[in-house]
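K.L.:
So that we are looking at the same thing, I have put the structure below in structure tokens.
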Amino acid sequence: MTTFGSRLHAAIADRGSFCVGIDPHAGLLREWGLGDDVAGLERFALTTVEAVAPHAAVVKPQSAFYERFGSRGIAVLERVVAESRAAGALVLLDVKRGDIGSTSQAYADAYLDPASPLACDAVTVSPFLGFGSLDPFVDTARRHDAGLFVLALTSNKEGPEVQHARTDEGGTVAGRMLDHLRRLNADATPLGSFGAVVGATIGSTDEDLAFNGPVLAPGFGAQGGTLADVRRLFGSAAAVLPSSSREVLRLGPDVAAMREAVLRTNAELRA
């Protein structure tokens, strides 16, 4: 297999950079006229896969919206992952896991080992137990040619309490996380496999986003992030994945409308 960074670079060139969240909020299930139950979850999720996975470079299911239905919800998530990958999309599972030792390794095996029914191309992880706590994820990602997206500069109002805090060297915690990613991606071509999560609605940043890896930029579209924000914030980044869920999902269950929204947004991002 090629590295995740190589696969992502090729997928963006082929399909565009728009990342579509597959997030079955209870409110969206109601908007689609579906019940807030496993049957509604399955109809919603698999209809969205049908609409977007053949056209988006990356899809991003949020694990929590499947987990809340227990084992039957996880079974739906397994189908979302498998059918999205079969349609040619890379799957970035949004789980934001972060732990230590054997627990971190177990999470990494669950999401990145091809032997797992939940094996994905990449996952989101939290480094705020110390970046070294992610070593099992890093090692597993390298072993299986998978990727990671590490929380760095999120747009939630509580984020700056940790991310903007100053280290002993005077830089920010977020900057330290980006430095770690820069080290992991050193000499990778055409793109490193270790990315950062940086909100499209953070307003501004002085951090150096040139770390030879991809940036996942949630908050694009319905949450307020614009094309101008993407260009202004991420001009130095090696690759950017503007991410939105509601911008597309609110058009469902009309498969054609969702598909056209993906194609249109990719065209706008290319331009």
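Note on naming: chains are A, B, ... as they come in the structure tokens, residues start from 1 per chain, ligands start from 1 in the order shown.
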Mind the document's chain letters and residue numbers, and return as number ranges by chain the residues of stretch 59-218 of chain A that DSSP labels alpha helix (DSSP H).
P.N.:
A: 64-67, 71-86, 101-112, 135-143, 160-163, 173-184
K.L.:
Please dump the current selection as a CSV table (one decimal), in the first residue's frame; keep C-alpha atoms.
P.N.:
chain,number,residue,atom,x,y,z
A,64,ALA,CA,-20.5,9.5,18.5
A,65,PHE,CA,-23.7,9.7,16.5
A,66,TYR,CA,-23.5,6.0,15.8
A,67,GLU,CA,-22.2,4.9,19.2
A,71,SER,CA,-23.8,-2.2,19.1
A,72,ARG,CA,-26.5,-1.8,16.3
A,73,GLY,CA,-25.3,1.7,15.7
A,74,ILE,CA,-21.7,0.6,15.5
A,75,ALA,CA,-22.8,-2.1,12.9
A,76,VAL,CA,-24.2,0.8,10.8
A,77,LEU,CA,-20.9,2.6,11.1
A,78,GLU,CA,-19.0,-0.4,9.9
A,79,ARG,CA,-21.2,-0.4,6.8
A,80,VAL,CA,-20.6,3.3,6.3
A,81,VAL,CA,-16.9,2.8,6.5
A,82,ALA,CA,-16.9,-0.3,4.2
A,83,GLU,CA,-19.3,1.2,1.6
A,84,SER,CA,-17.6,4.6,1.5
A,85,ARG,CA,-14.2,3.0,0.8
A,86,ALA,CA,-15.7,0.7,-1.8
A,101,GLY,CA,-0.2,3.0,26.9
A,102,SER,CA,-2.2,-0.2,26.2
A,103,THR,CA,-5.5,1.7,26.0
A,104,SER,CA,-4.1,4.0,23.3
A,105,GLN,CA,-2.8,1.0,21.4
A,106,ALA,CA,-6.2,-0.7,21.6
A,107,TYR,CA,-7.9,2.4,20.1
A,108,ALA,CA,-5.3,2.4,17.4
A,109,ASP,CA,-5.9,-1.2,16.6
A,110,ALA,CA,-9.6,-0.7,16.5
A,111,TYR,CA,-9.5,2.1,13.9
A,112,LEU,CA,-6.3,1.6,11.9
A,135,ASP,CA,3.0,7.1,20.0
A,136,PRO,CA,0.9,3.9,19.7
A,137,PHE,CA,-1.3,5.7,17.2
A,138,VAL,CA,1.7,7.0,15.3
A,139,ASP,CA,3.4,3.6,15.2
A,140,THR,CA,0.2,1.8,14.2
A,141,ALA,CA,-0.5,4.4,11.5
A,142,ARG,CA,3.0,3.9,10.0
A,143,ARG,CA,2.7,0.1,10.2
A,160,PRO,CA,-7.8,28.5,23.8
A,161,GLU,CA,-7.5,27.7,27.5
A,162,VAL,CA,-5.2,24.8,26.5
A,163,GLN,CA,-4.2,25.5,23.0
A,173,VAL,CA,0.8,24.5,23.1
A,174,ALA,CA,-0.8,24.5,19.6
A,175,GLY,CA,2.5,25.5,18.1
A,176,ARG,CA,4.3,22.7,20.0
A,177,MET,CA,1.8,20.2,18.5
A,178,LEU,CA,2.5,21.5,15.0
A,179,ASP,CA,6.2,21.2,15.6
A,180,HIS,CA,5.7,17.5,16.5
A,181,LEU,CA,3.8,17.0,13.3
A,182,ARG,CA,6.5,18.8,11.3
A,183,ARG,CA,9.0,16.3,12.7
A,184,LEU,CA,6.8,13.3,11.9
K.L.:
If you run DSSP on the backbone here, which positions in stretch 17-259 of chain A get strand (DSSP E or B)? Please write them as JSON, numbers by chain.
P.N.:
{"A": [19, 20, 21, 22, 58, 59, 60, 61, 62, 90, 91, 92, 93, 94, 95, 96, 97, 122, 123, 124, 125, 147, 148, 149, 150, 151, 152, 153, 166, 172, 194, 195, 196, 197, 198, 214, 215, 216, 217, 218, 220, 225, 239, 240, 241, 242, 243, 244]}
K.L.:
Could you list, as a ChimeraX atom specification, every residue within 12 Å of A:Asp206, counting only C-alpha atoms and ignoring same-chain residues fewer than 6 positions away?
P.N.:
/A:153,164,171-172,174-175,232-234,236
K.L.:
Give me the residues within 10 Å of A:Ala10 as a list in words, counting only C-alpha atoms and dropping any in the same chain fewer than 5 places off.
P.N.:
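My reading of the contact set: Phe4, Gly5, Arg15, Gly16, Ala57, Pro190 and Leu191 of chain A.
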K.L.:
Would you list the contacts of A:His144 as a list of chain:residue names, taking every protein, DNA or RNA residue within 9 Å and counting only C-alpha atoms, but skipping same-chain residues closer than 6 positions in sequence?
P.N.:
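My list of contacting residues is A:Met1, A:Thr3, A:Leu112, A:Asp113, A:Pro114.
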K.L.:
With only C-alpha atoms as the counted atoms, please give the residues lying no more than 12 Å from A:Thr265, apart from itself and same-chain residues fewer than 6 positions off, as a PyMOL selection string.
P.N.:
chain A and resi 15-20+52+55-56+220-221+226-227+241-244+247-248+258-259+271
K.L.:
With N, CA and C atoms retained, write the just-selected residues as a short mmCIF file (atom, residue, chain, number, x, y, z; two decimals), in the first residue's frame.
P.N.:
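Result went into selection_0.cif, see below:
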data_model
loop_
_atom_site.label_atom_id
_atom_site.label_comp_id
_atom_site.auth_asym_id
_atom_site.auth_seq_id
_atom_site.Cartn_x
_atom_site.Cartn_y
_atom_site.Cartn_z
N ARG A 15 -10.46 14.24 -7.06
CA ARG A 15 -11.85 14.56 -6.69
C ARG A 15 -12.05 15.95 -6.10
N GLY A 16 -10.99 16.56 -5.61
CA GLY A 16 -11.13 17.84 -4.93
C GLY A 16 -10.92 17.68 -3.43
N SER A 17 -10.92 18.80 -2.72
CA SER A 17 -10.50 18.79 -1.32
C SER A 17 -11.64 18.82 -0.31
N PHE A 18 -12.88 18.87 -0.75
CA PHE A 18 -14.01 18.99 0.17
C PHE A 18 -14.18 17.68 0.94
N CYS A 19 -14.24 17.80 2.27
CA CYS A 19 -14.45 16.66 3.17
C CYS A 19 -15.88 16.73 3.70
N VAL A 20 -16.64 15.66 3.50
CA VAL A 20 -18.06 15.66 3.87
C VAL A 20 -18.27 14.85 5.14
N VAL A 52 -22.60 10.85 -1.63
CA VAL A 52 -21.36 11.62 -1.58
C VAL A 52 -20.09 10.79 -1.76
N HIS A 55 -17.98 10.72 -4.95
CA HIS A 55 -17.58 12.02 -5.49
C HIS A 55 -16.65 12.81 -4.57
N ALA A 56 -16.65 12.54 -3.28
CA ALA A 56 -15.80 13.25 -2.33
C ALA A 56 -14.48 12.50 -2.15
N PHE A 220 -16.47 24.73 7.96
CA PHE A 220 -16.67 25.34 6.65
C PHE A 220 -18.15 25.27 6.27
N GLY A 221 -18.64 26.32 5.62
CA GLY A 221 -20.02 26.28 5.13
C GLY A 221 -21.02 26.74 6.16
N THR A 226 -15.75 30.39 5.38
CA THR A 226 -15.95 30.75 3.97
C THR A 226 -14.73 30.39 3.12
N LEU A 227 -14.91 30.49 1.81
CA LEU A 227 -13.78 30.30 0.91
C LEU A 227 -12.67 31.29 1.21
N LEU A 241 -8.32 20.32 3.90
CA LEU A 241 -9.60 19.65 3.71
C LEU A 241 -10.68 20.46 4.41
N PRO A 242 -11.29 21.45 3.74
CA PRO A 242 -12.43 22.14 4.35
C PRO A 242 -13.55 21.12 4.56
N SER A 243 -14.11 21.11 5.76
CA SER A 243 -15.06 20.06 6.11
C SER A 243 -16.40 20.66 6.53
N SER A 244 -17.47 20.03 6.04
CA SER A 244 -18.82 20.45 6.40
C SER A 244 -19.72 19.22 6.39
N GLU A 247 -24.02 21.49 5.56
CA GLU A 247 -24.12 22.14 4.25
C GLU A 247 -24.64 21.17 3.19
N VAL A 248 -24.28 19.90 3.34
CA VAL A 248 -24.71 18.87 2.40
C VAL A 248 -25.90 18.10 2.94
N MET A 258 -27.65 16.34 -2.87
CA MET A 258 -26.43 16.19 -2.06
C MET A 258 -25.22 16.01 -2.96
N ARG A 259 -25.37 15.18 -3.98
CA ARG A 259 -24.28 14.95 -4.92
C ARG A 259 -23.86 16.25 -5.59
N ALA A 271 -11.39 26.56 -7.78
CA ALA A 271 -11.27 27.88 -8.40
C ALA A 271 -10.57 28.87 -7.48
#
K.L.:
A:Ala26, A:Ala51, A:Val59, A:Ile100: which is nearest A:Ser245, counting only C-alpha atoms?
P.N.:
A:Val59
K.L.:
So how far away is atom CA of A:Ala152 from atom CA of A:Glu207, in Å?
P.N.:
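These atoms are spaced 10.1 Å apart.
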K.L.:
What's around A:Leu251 at 9 Å? Count only C-alpha atoms, leave out sequence neighbours fewer than 6 positions away in its own chain, and write the answer as a VMD selection string.
P.N.:
chain A and resid 32 257 to 258 261
K.L.:
Out of A:Asp145, A:Gly27, A:Ser6, A:Leu46, which residue has the shortest atom-to-atom distance to A:Asn212 when counting only C-alpha atoms?
P.N.:
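The closest residue to A:Asn212 is A:Ser6.
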K.L.:
Atom CA of A:Ser63 and atom CA of A:Lys96, how far apart in Å?
P.N.:
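Separation between atom CA of A:Lys96 and atom CA of A:Ser63: 9.2 Å.
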K.L.:
Point out the residue among A:Gly147, A:Gly159, A:Gly130, A:Gly88 with the least atom-to-atom distance to A:Phe194, counting only C-alpha atoms.
P.N.:
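The closest residue to A:Phe194 is A:Gly147.
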K.L.:
What does the distance between atom CA of A:Asp23 and atom CA of A:Lys60 come to in Å, to one decimal place?
P.N.:
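Taking atom CA of A:Asp23 and atom CA of A:Lys60, their separation equals 8.1 Å.
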